[in-house]
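As provided, run16.tsv (TSV, C-alpha atoms) reads as follows.
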chain	number	residue	atom	x	y	z
A	15	MET	CA	-22.83	-20.08	28.89
A	16	ALA	CA	-19.32	-19.23	27.82
A	17	GLN	CA	-18.78	-19.80	24.13
A	18	ALA	CA	-15.84	-21.88	22.97
A	19	LYS	CA	-13.17	-19.85	21.22
A	20	ARG	CA	-14.03	-20.26	17.57
A	21	PRO	CA	-11.48	-19.91	14.82
A	22	LEU	CA	-11.82	-16.62	12.96
A	23	SER	CA	-11.37	-16.26	9.25
A	24	PRO	CA	-8.00	-14.75	8.37
A	25	HIS	CA	-8.02	-11.01	7.95
A	26	LEU	CA	-5.48	-8.41	6.78
A	27	GLN	CA	-2.80	-9.32	9.33
A	28	VAL	CA	-2.08	-12.74	7.82
A	29	TYR	CA	-1.12	-11.36	4.42
A	30	ARG	CA	2.25	-10.01	3.37
A	31	TRP	CA	2.11	-6.31	2.52
A	32	GLY	CA	2.23	-5.52	-1.15
A	33	ALA	CA	1.73	-2.54	-3.43
A	34	HIS	CA	-1.88	-3.57	-4.14
A	35	MET	CA	-2.74	-3.57	-0.43
A	36	ALA	CA	-1.07	-0.20	0.07
A	37	VAL	CA	-2.95	1.28	-2.91
A	38	SER	CA	-6.24	-0.15	-1.69
A	39	ILE	CA	-6.06	1.32	1.79
A	40	LEU	CA	-4.55	4.56	0.46
A	41	HIS	CA	-7.56	4.96	-1.83
A	42	ARG	CA	-9.73	5.26	1.28
A	43	ALA	CA	-7.26	7.44	3.14
A	44	THR	CA	-6.78	9.84	0.24
A	45	GLY	CA	-10.53	9.93	-0.39
A	46	SER	CA	-11.08	10.98	3.23
A	47	ALA	CA	-8.31	13.58	2.97
A	48	LEU	CA	-10.00	14.97	-0.13
A	49	ALA	CA	-13.17	15.52	1.90
A	50	VAL	CA	-11.11	18.00	3.93
A	51	GLY	CA	-9.98	19.45	0.61
A	52	ALA	CA	-13.62	19.91	-0.42
A	53	VAL	CA	-14.29	21.92	2.74
A	54	LEU	CA	-11.20	24.06	2.08
A	55	LEU	CA	-12.33	24.60	-1.53
A	56	THR	CA	-15.70	25.80	-0.24
A	57	TRP	CA	-13.97	28.17	2.17
A	58	TRP	CA	-11.82	29.49	-0.66
A	59	LEU	CA	-14.85	30.09	-2.95
A	60	VAL	CA	-16.63	31.88	-0.09
A	61	ALA	CA	-13.52	34.02	0.37
A	62	ILE	CA	-13.55	35.11	-3.28
A	63	ALA	CA	-17.29	35.85	-3.12
A	64	THR	CA	-16.87	37.80	0.15
A	65	GLY	CA	-14.34	40.24	-1.20
A	66	HIS	CA	-10.80	41.43	-1.67
A	67	GLU	CA	-9.92	41.79	2.01
A	68	TYR	CA	-11.16	38.42	3.27
A	69	PHE	CA	-9.63	36.69	0.23
A	70	GLY	CA	-6.29	38.15	1.25
A	71	THR	CA	-6.70	36.74	4.77
A	72	VAL	CA	-7.45	33.24	3.46
A	73	GLN	CA	-4.58	33.41	0.95
A	74	GLY	CA	-2.40	34.41	3.89
A	75	TYR	CA	-3.35	31.21	5.74
A	76	ALA	CA	-2.70	29.16	2.60
A	77	GLY	CA	0.73	30.76	2.25
A	78	THR	CA	2.03	29.71	5.67
A	79	TRP	CA	4.23	26.64	5.77
A	80	ILE	CA	1.48	24.58	7.41
A	81	GLY	CA	-1.02	25.83	4.82
A	82	ARG	CA	1.31	24.82	2.01
A	83	LEU	CA	1.94	21.44	3.62
A	84	VAL	CA	-1.82	20.77	3.81
A	85	LEU	CA	-2.28	21.86	0.18
A	86	PHE	CA	0.66	19.69	-0.88
A	87	GLY	CA	-0.90	16.72	0.91
A	88	ILE	CA	-4.24	17.39	-0.77
A	89	THR	CA	-2.54	17.62	-4.17
A	90	PHE	CA	-0.88	14.25	-3.57
A	91	SER	CA	-4.18	12.77	-2.32
A	92	LEU	CA	-5.99	14.02	-5.42
A	93	MET	CA	-3.39	12.57	-7.79
A	94	GLN	CA	-3.16	9.24	-5.91
A	95	HIS	CA	-6.96	8.94	-5.70
A	96	LEU	CA	-7.22	9.79	-9.41
A	97	ALA	CA	-4.66	7.18	-10.51
A	98	SER	CA	-5.95	4.55	-8.11
A	99	GLY	CA	-9.54	5.34	-9.13
A	100	ILE	CA	-8.76	4.85	-12.82
A	101	ARG	CA	-7.06	1.55	-11.91
A	102	HIS	CA	-10.25	0.56	-10.07
A	103	LEU	CA	-12.36	1.41	-13.13
A	104	PHE	CA	-10.23	-1.02	-15.18
A	105	MET	CA	-10.66	-3.66	-12.47
A	106	ASP	CA	-14.42	-3.07	-12.56
A	107	MET	CA	-14.22	-4.03	-16.24
A	108	GLY	CA	-12.44	-7.27	-15.32
A	109	ARG	CA	-8.95	-6.12	-16.30
A	110	LEU	CA	-5.67	-6.00	-14.33
A	111	TYR	CA	-6.40	-9.14	-12.29
A	112	ASP	CA	-3.27	-10.99	-13.40
A	113	LEU	CA	-1.06	-10.87	-10.30
A	114	LYS	CA	1.96	-9.32	-12.01
A	115	ILE	CA	-0.04	-6.70	-13.89
A	116	ASN	CA	-2.07	-6.00	-10.76
A	117	SER	CA	1.03	-5.30	-8.69
A	118	LEU	CA	2.66	-3.36	-11.53
A	119	SER	CA	-0.40	-1.13	-12.00
A	120	ALA	CA	-0.50	-0.54	-8.23
A	121	ARG	CA	3.12	0.58	-8.29
A	122	PHE	CA	2.43	2.77	-11.30
A	123	THR	CA	-0.24	4.76	-9.36
A	124	PHE	CA	2.50	5.77	-6.87
A	125	VAL	CA	4.89	6.77	-9.63
A	126	PHE	CA	2.13	8.80	-11.28
A	127	SER	CA	0.97	10.54	-8.09
A	128	VAL	CA	4.49	11.49	-6.96
A	129	VAL	CA	5.54	12.75	-10.40
A	130	ALA	CA	2.22	14.59	-10.93
A	131	THR	CA	2.29	16.21	-7.47
A	132	VAL	CA	5.86	17.45	-7.86
A	133	GLY	CA	5.07	18.54	-11.43
A	134	ILE	CA	1.97	20.50	-10.37
A	135	TRP	CA	3.87	22.34	-7.62
A	136	TYR	CA	6.84	22.98	-9.86
A	137	ALA	CA	4.54	24.42	-12.55
A	138	ALA	CA	2.61	26.51	-9.98
A	139	TYR	CA	5.81	28.03	-8.56
A	140	LYS	CA	7.02	28.61	-12.11
A	141	VAL	CA	3.77	30.50	-12.90
A	142	MET	CA	4.18	32.52	-9.70
A	143	GLY	CA	7.67	33.42	-10.83
A	144	VAL	CA	9.25	32.06	-7.64
A	145	LEU	CA	11.39	29.52	-9.46
B	24	MET	CA	-40.83	-20.93	-0.20
B	25	THR	CA	-40.71	-20.56	3.54
B	26	ASP	CA	-39.63	-17.17	4.75
B	27	MET	CA	-36.72	-17.76	7.12
B	28	LYS	CA	-36.74	-14.24	8.53
B	29	THR	CA	-37.88	-13.86	12.12
B	30	PRO	CA	-40.77	-11.43	12.70
B	31	LEU	CA	-38.40	-9.16	14.66
B	32	ALA	CA	-35.97	-8.97	11.72
B	33	LYS	CA	-38.87	-8.07	9.43
B	34	VAL	CA	-40.04	-5.31	11.72
B	35	ARG	CA	-36.53	-3.87	11.99
B	36	GLY	CA	-36.37	-3.78	8.23
B	37	LEU	CA	-32.61	-3.88	8.26
B	38	GLY	CA	-32.15	-6.11	5.25
B	39	SER	CA	-30.89	-5.03	1.87
B	40	ALA	CA	-32.52	-1.83	0.69
B	41	LYS	CA	-32.22	-3.15	-2.90
B	42	GLY	CA	-30.43	0.07	-3.74
B	43	GLY	CA	-26.84	-1.21	-3.72
B	44	THR	CA	-26.45	-1.38	-7.50
B	45	HIS	CA	-27.55	2.22	-7.91
B	46	HIS	CA	-25.04	3.33	-5.29
B	47	TRP	CA	-22.25	1.33	-6.93
B	48	LEU	CA	-23.02	2.55	-10.45
B	49	SER	CA	-23.45	6.20	-9.36
B	50	HIS	CA	-20.06	6.03	-7.67
B	51	ARG	CA	-18.47	4.85	-10.96
B	52	VAL	CA	-20.32	7.32	-13.16
B	53	THR	CA	-19.31	10.26	-10.94
B	54	ALA	CA	-15.75	8.86	-10.90
B	55	ILE	CA	-15.61	8.94	-14.70
B	56	ALA	CA	-17.06	12.46	-14.82
B	57	ASN	CA	-14.53	13.55	-12.20
B	58	ILE	CA	-11.54	12.71	-14.43
B	59	PRO	CA	-11.93	15.59	-16.95
B	60	LEU	CA	-13.30	17.92	-14.24
B	61	VAL	CA	-10.26	17.38	-12.00
B	62	VAL	CA	-7.93	17.95	-14.96
B	63	PHE	CA	-9.74	21.24	-15.70
B	64	PHE	CA	-9.59	22.24	-12.02
B	65	VAL	CA	-5.89	21.44	-11.56
B	66	VAL	CA	-4.81	23.05	-14.86
B	67	SER	CA	-6.80	26.20	-13.97
B	68	PHE	CA	-5.29	26.38	-10.50
B	69	VAL	CA	-1.75	26.01	-11.74
B	70	GLY	CA	-2.37	28.55	-14.51
B	71	ASN	CA	-3.70	31.11	-12.01
B	72	ALA	CA	-1.27	30.32	-9.18
B	73	GLY	CA	-0.43	33.35	-7.08
B	74	LYS	CA	-3.06	35.57	-8.72
B	75	GLY	CA	-4.90	38.21	-6.71
B	76	HIS	CA	-8.58	38.58	-5.92
B	77	ALA	CA	-9.49	40.57	-9.06
B	78	GLU	CA	-7.93	37.95	-11.36
B	79	TRP	CA	-9.73	35.05	-9.66
B	80	VAL	CA	-13.04	36.94	-9.90
B	81	ALA	CA	-12.43	37.59	-13.60
B	82	TRP	CA	-11.59	33.91	-14.07
B	83	LEU	CA	-14.81	32.75	-12.36
B	84	LYS	CA	-16.91	35.27	-14.28
B	85	GLN	CA	-16.24	33.42	-17.53
B	86	PRO	CA	-19.42	31.40	-18.28
B	87	ILE	CA	-17.54	28.20	-19.19
B	88	VAL	CA	-15.46	28.36	-16.00
B	89	ALA	CA	-18.50	29.02	-13.80
B	90	VAL	CA	-20.45	26.12	-15.34
B	91	LEU	CA	-17.49	23.72	-15.13
B	92	MET	CA	-16.83	24.71	-11.51
B	93	ILE	CA	-20.49	24.12	-10.60
B	94	LEU	CA	-20.39	20.74	-12.36
B	95	PHE	CA	-17.13	19.90	-10.57
B	96	ILE	CA	-18.56	20.80	-7.15
B	97	ALA	CA	-21.84	18.94	-7.68
B	98	ASN	CA	-20.21	15.83	-9.13
B	99	MET	CA	-17.33	15.75	-6.66
B	100	VAL	CA	-19.57	16.23	-3.60
B	101	TYR	CA	-21.95	13.49	-4.77
B	102	HIS	CA	-18.97	11.17	-5.30
B	103	MET	CA	-17.69	12.11	-1.84
B	104	ARG	CA	-21.11	11.45	-0.29
B	105	LEU	CA	-21.18	7.94	-1.79
B	106	GLY	CA	-17.61	7.14	-0.77
B	107	LEU	CA	-17.88	8.36	2.82
B	108	GLN	CA	-21.16	6.41	3.15
B	109	VAL	CA	-19.21	3.20	2.49
B	110	LEU	CA	-16.65	4.25	5.10
B	111	ILE	CA	-19.39	4.76	7.71
B	112	GLU	CA	-21.01	1.43	6.80
B	113	ASP	CA	-17.67	-0.35	7.20
B	114	TYR	CA	-16.47	1.23	10.44
B	115	VAL	CA	-19.47	2.49	12.42
B	116	HIS	CA	-21.41	-0.49	13.70
B	117	ASP	CA	-23.59	0.98	16.43
B	118	HIS	CA	-27.02	1.68	14.94
B	119	GLY	CA	-27.51	5.02	16.61
B	120	ALA	CA	-24.04	6.29	15.76
B	121	LYS	CA	-24.38	5.00	12.21
B	122	PHE	CA	-27.72	6.78	11.74
B	123	ALA	CA	-26.33	10.01	13.18
B	124	SER	CA	-23.21	9.77	11.00
B	125	MET	CA	-25.24	9.19	7.83
B	126	ILE	CA	-27.55	12.13	8.48
B	127	THR	CA	-24.59	14.36	9.37
B	128	LEU	CA	-22.80	13.26	6.20
B	129	THR	CA	-25.79	13.95	3.96
B	130	PHE	CA	-26.52	17.35	5.51
B	131	SER	CA	-22.83	18.35	5.35
B	132	CYS	CA	-22.55	17.39	1.69
B	133	VAL	CA	-25.67	19.34	0.72
B	134	LEU	CA	-24.40	22.30	2.76
B	135	ILE	CA	-20.93	22.25	1.18
B	136	ALA	CA	-22.35	22.00	-2.34
B	137	SER	CA	-24.93	24.75	-1.72
B	138	ILE	CA	-22.42	27.20	-0.24
B	139	SER	CA	-19.88	26.54	-3.00
B	140	ILE	CA	-22.37	26.84	-5.85
B	141	PHE	CA	-23.95	29.95	-4.32
B	142	SER	CA	-20.48	31.54	-4.06
B	143	ILE	CA	-19.69	30.72	-7.70
B	144	LEU	CA	-23.03	32.18	-8.85
B	145	ARG	CA	-22.57	35.27	-6.72
B	146	ILE	CA	-19.16	35.89	-8.29
B	147	ALA	CA	-20.40	35.07	-11.80
B	148	PHE	CA	-23.47	37.33	-11.61
B	149	GLY	CA	-21.95	39.97	-9.31
B	150	GLY	CA	-21.35	43.46	-10.60
With the file now loaded, output its structure as structure tokens.
Amino acid sequence: MAQAKRPLSPHLQVYRWGAHMAVSILHRATGSALAVGAVLLTWWLVAIATGHEYFGTVQGYAGTWIGRLVLFGITFSLMQHLASGIRHLFMDMGRLYDLKINSLSARFTFVFSVVATVGIWYAAYKVMGVL
Amino acid sequence: MTDMKTPLAKVRGLGSAKGGTHHWLSHRVTAIANIPLVVFFVVSFVGNAGKGHAEWVAWLKQPIVAVLMILFIANMVYHMRLGLQVLIEDYVHDHGAKFASMITLTFSCVLIASISIFSILRIAFGG
């Protein structure tokens, strides 16, 4: 027997996009990206333990423009996941549920992650003596 | 009270495992621990940016660094395991695929943590 088309409960598509929605889905996306970062970190630790020569090879990969792009993306993911995660910890304690504060704190995670990412790379290049 | 579960549902045993609170709390506790560990990790990486093999080895040979790196790996991988489990539960609905994904996730996490920690120890104790 064919079932009558039942109304479905509204899902994501019926809501207007806002900073809180973007932060929420980005928390998952950045978390998944960081899993890739964990694998790369393992590779890097293995490279140090293996020896001078292999470490140089891996550093060479990291130094290519695609390597730097991946590392830049992982830096941003880490900072965004960190800020968004701290926001979630406050929400777990029942804070930040007022709509204005909620949206403001969501926006703030973006400001933090962008500033922190640029700051980290600026400082790293400064340490390397490139800048 | 009458049990409303069908015998088939009971046999399948697919109800709540009564372990959700532990998962949720562990995720938060590892999140809190990750905050100082990530700060340590990022500050160290920036401070040593562009260094060669010998300098990184010397850095990891410091007892405090080795211990903090092991803690960071263990805590971060556990946090990752819990988070990716939720992702699988939300997006993989087929029982077989879900089971395979979960096992793969668990094995991968243990493997990543073991290899990383072994590497740190090898550098720290190496001559």
Between chain B and chain A, at 6 Å or less, what are the per-residue closest atom pairs and their distances in Å? Count only C-alpha atoms, order by chain and rising residue number, and return it as a tab-separated table.
residue	atom	partner	partner_atom	distance
B:Val69	CA	A:Ala138	CA	4.7
B:Ala72	CA	A:Ala138	CA	5.5
B:Gly73	CA	A:Met142	CA	5.4
B:His76	CA	A:His66	CA	5.6
B:Ser139	CA	A:Thr56	CA	5.1
B:Ser142	CA	A:Ala63	CA	5.4
B:Ile146	CA	A:Ala63	CA	5.5
**Message:** I'd like the interatomic distance between atom CA of B:Leu128 and atom CA of B:Arg104, to a tenth of an Å.
**Reply:** 6.9 Å
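Between B:Asn57 and the residues B:Phe122, B:Phe95, B:Tyr101, B:Trp79, the shortest atom-to-atom distance, using all atoms listed in the file, involves B:Phe95.
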**Asked** What does the distance between atom CA of A:Ser98 and atom CA of A:Leu40 come to in Å, to one decimal place?
**Response**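 Straight-line distance from atom CA of A:Ser98 to atom CA of A:Leu40 works out to 8.7 Å.
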**Prompt:** Taking into account only C-alpha atoms, which residue in the set B:Val109, B:Val100, B:Val115, B:Ile55 is nearest to A:Val50?
**Reply:** B:Val100
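Atom CA of B:Tyr114 sits 26.6 Å away from atom CA of A:Asn116.
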**Request:** Go through A:Pro24, A:Tyr29, A:Gly51, A:Phe124 one by one, measure the shortest atom-to-atom distance of each to A:Gly87 using all atoms listed in the file, and give the residue with the smallest value.
**Result:** A:Gly51
**Among the residues A:Leu110, A:Leu118, A:Leu85, A:Leu22, the one that comes closest to A:Thr131 [using all atoms listed in the file]** =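 Of the candidates, the smallest distance to A:Thr131 is held by A:Leu85.
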**Message:** Would you pick out the contacts of A:Ile39 at 12 Å or less, using all atoms listed in the file, so that residues sharing its chain but fewer than 5 positions from it are not included, and give the list as a PyMOL selection string?
**Reply:** (chain A and resi 26+31-34+44-46+94-95+98+120) or (chain B and resi 110)
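Counting only C-alpha atoms, the residue from B:Val80, B:Ile87, B:His46, B:Gly149 that sits nearest to B:Gln108 is B:His46.
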**Request:** Point out the residue among B:Leu48, B:Ala77, B:Ala136, B:Met92 with the least atom-to-atom distance to B:Val62, counting all atoms listed in the file.
**Result:**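 Checking each candidate against B:Val62, we get B:Met92 as the closest.
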As a PDB file with C-alpha atoms, in the coordinates of the input, please: the residues near B:Ala89 (cut-off 9 Å, only C-alpha atoms, same-chain neighbours under 4 positions excluded).
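The resulting file, selection.pdb, is shown below:
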ATOM      1  CA  TRP B  82     -11.590  33.910 -14.070  1.00  0.00           C
ATOM      2  CA  LEU B  83     -14.810  32.750 -12.360  1.00  0.00           C
ATOM      3  CA  LYS B  84     -16.910  35.270 -14.280  1.00  0.00           C
ATOM      4  CA  GLN B  85     -16.240  33.420 -17.530  1.00  0.00           C
ATOM      5  CA  ILE B  93     -20.490  24.120 -10.600  1.00  0.00           C
ATOM      6  CA  LEU B  94     -20.390  20.740 -12.360  1.00  0.00           C
ATOM      7  CA  ILE B 143     -19.690  30.720  -7.700  1.00  0.00           C
ATOM      8  CA  LEU B 144     -23.030  32.180  -8.850  1.00  0.00           C
ATOM      9  CA  ILE B 146     -19.160  35.890  -8.290  1.00  0.00           C
ATOM     10  CA  ALA B 147     -20.400  35.070 -11.800  1.00  0.00           C
TER      11      ALA B 147
END
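The set of protein, DNA and RNA residues with any counted atom at most 7 Å from (-16.1, 17.3, -11.2) (all atoms listed in the file) reads Ala56, Asn57, Leu60, Val61, Leu94, Phe95, Ile96, Ala97, Asn98 and Met99 of chain B.
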Can you complete the atoms of stretch 48-69 of chain B to N, CA and C atoms and list them as a CSV table (one decimal), in the frame of the given file?
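Output below, filename part36.csv:
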chain,number,residue,atom,x,y,z
B,48,LEU,N,-23.1,2.0,-9.1
B,48,LEU,CA,-23.0,2.6,-10.4
B,48,LEU,C,-22.8,4.1,-10.4
B,49,SER,N,-23.6,4.7,-9.5
B,49,SER,CA,-23.4,6.2,-9.4
B,49,SER,C,-22.0,6.6,-9.0
B,50,HIS,N,-21.4,5.8,-8.1
B,50,HIS,CA,-20.1,6.0,-7.7
B,50,HIS,C,-19.1,6.0,-8.9
B,51,ARG,N,-19.3,5.0,-9.8
B,51,ARG,CA,-18.5,4.8,-11.0
B,51,ARG,C,-18.7,6.0,-12.0
B,52,VAL,N,-20.0,6.3,-12.2
B,52,VAL,CA,-20.3,7.3,-13.2
B,52,VAL,C,-19.7,8.7,-12.7
B,53,THR,N,-19.9,9.0,-11.4
B,53,THR,CA,-19.3,10.3,-10.9
B,53,THR,C,-17.8,10.2,-11.0
B,54,ALA,N,-17.2,9.0,-10.8
B,54,ALA,CA,-15.8,8.9,-10.9
B,54,ALA,C,-15.3,9.2,-12.3
B,55,ILE,N,-16.0,8.7,-13.3
B,55,ILE,CA,-15.6,8.9,-14.7
B,55,ILE,C,-15.7,10.4,-15.0
B,56,ALA,N,-16.8,11.0,-14.6
B,56,ALA,CA,-17.1,12.5,-14.8
B,56,ALA,C,-16.0,13.3,-14.1
B,57,ASN,N,-15.5,12.8,-13.0
B,57,ASN,CA,-14.5,13.6,-12.2
B,57,ASN,C,-13.2,13.7,-12.9
B,58,ILE,N,-12.9,12.7,-13.8
B,58,ILE,CA,-11.5,12.7,-14.4
B,58,ILE,C,-11.3,14.0,-15.2
B,59,PRO,N,-12.2,14.3,-16.2
B,59,PRO,CA,-11.9,15.6,-17.0
B,59,PRO,C,-12.1,16.8,-16.1
B,60,LEU,N,-13.0,16.7,-15.1
B,60,LEU,CA,-13.3,17.9,-14.2
B,60,LEU,C,-12.1,18.2,-13.4
B,61,VAL,N,-11.4,17.2,-12.8
B,61,VAL,CA,-10.3,17.4,-12.0
B,61,VAL,C,-9.1,17.9,-12.8
B,62,VAL,N,-9.0,17.4,-14.1
B,62,VAL,CA,-7.9,18.0,-15.0
B,62,VAL,C,-8.2,19.4,-15.2
B,63,PHE,N,-9.4,19.8,-15.5
B,63,PHE,CA,-9.7,21.2,-15.7
B,63,PHE,C,-9.4,22.1,-14.4
B,64,PHE,N,-9.8,21.5,-13.3
B,64,PHE,CA,-9.6,22.2,-12.0
B,64,PHE,C,-8.1,22.4,-11.7
B,65,VAL,N,-7.3,21.4,-11.9
B,65,VAL,CA,-5.9,21.4,-11.6
B,65,VAL,C,-5.2,22.4,-12.5
B,66,VAL,N,-5.5,22.2,-13.8
B,66,VAL,CA,-4.8,23.0,-14.9
B,66,VAL,C,-5.1,24.5,-14.6
B,67,SER,N,-6.4,24.8,-14.3
B,67,SER,CA,-6.8,26.2,-14.0
B,67,SER,C,-6.1,26.8,-12.8
B,68,PHE,N,-5.9,25.9,-11.7
B,68,PHE,CA,-5.3,26.4,-10.5
B,68,PHE,C,-3.8,26.7,-10.7
B,69,VAL,N,-3.2,25.8,-11.5
B,69,VAL,CA,-1.8,26.0,-11.7
B,69,VAL,C,-1.6,27.3,-12.6
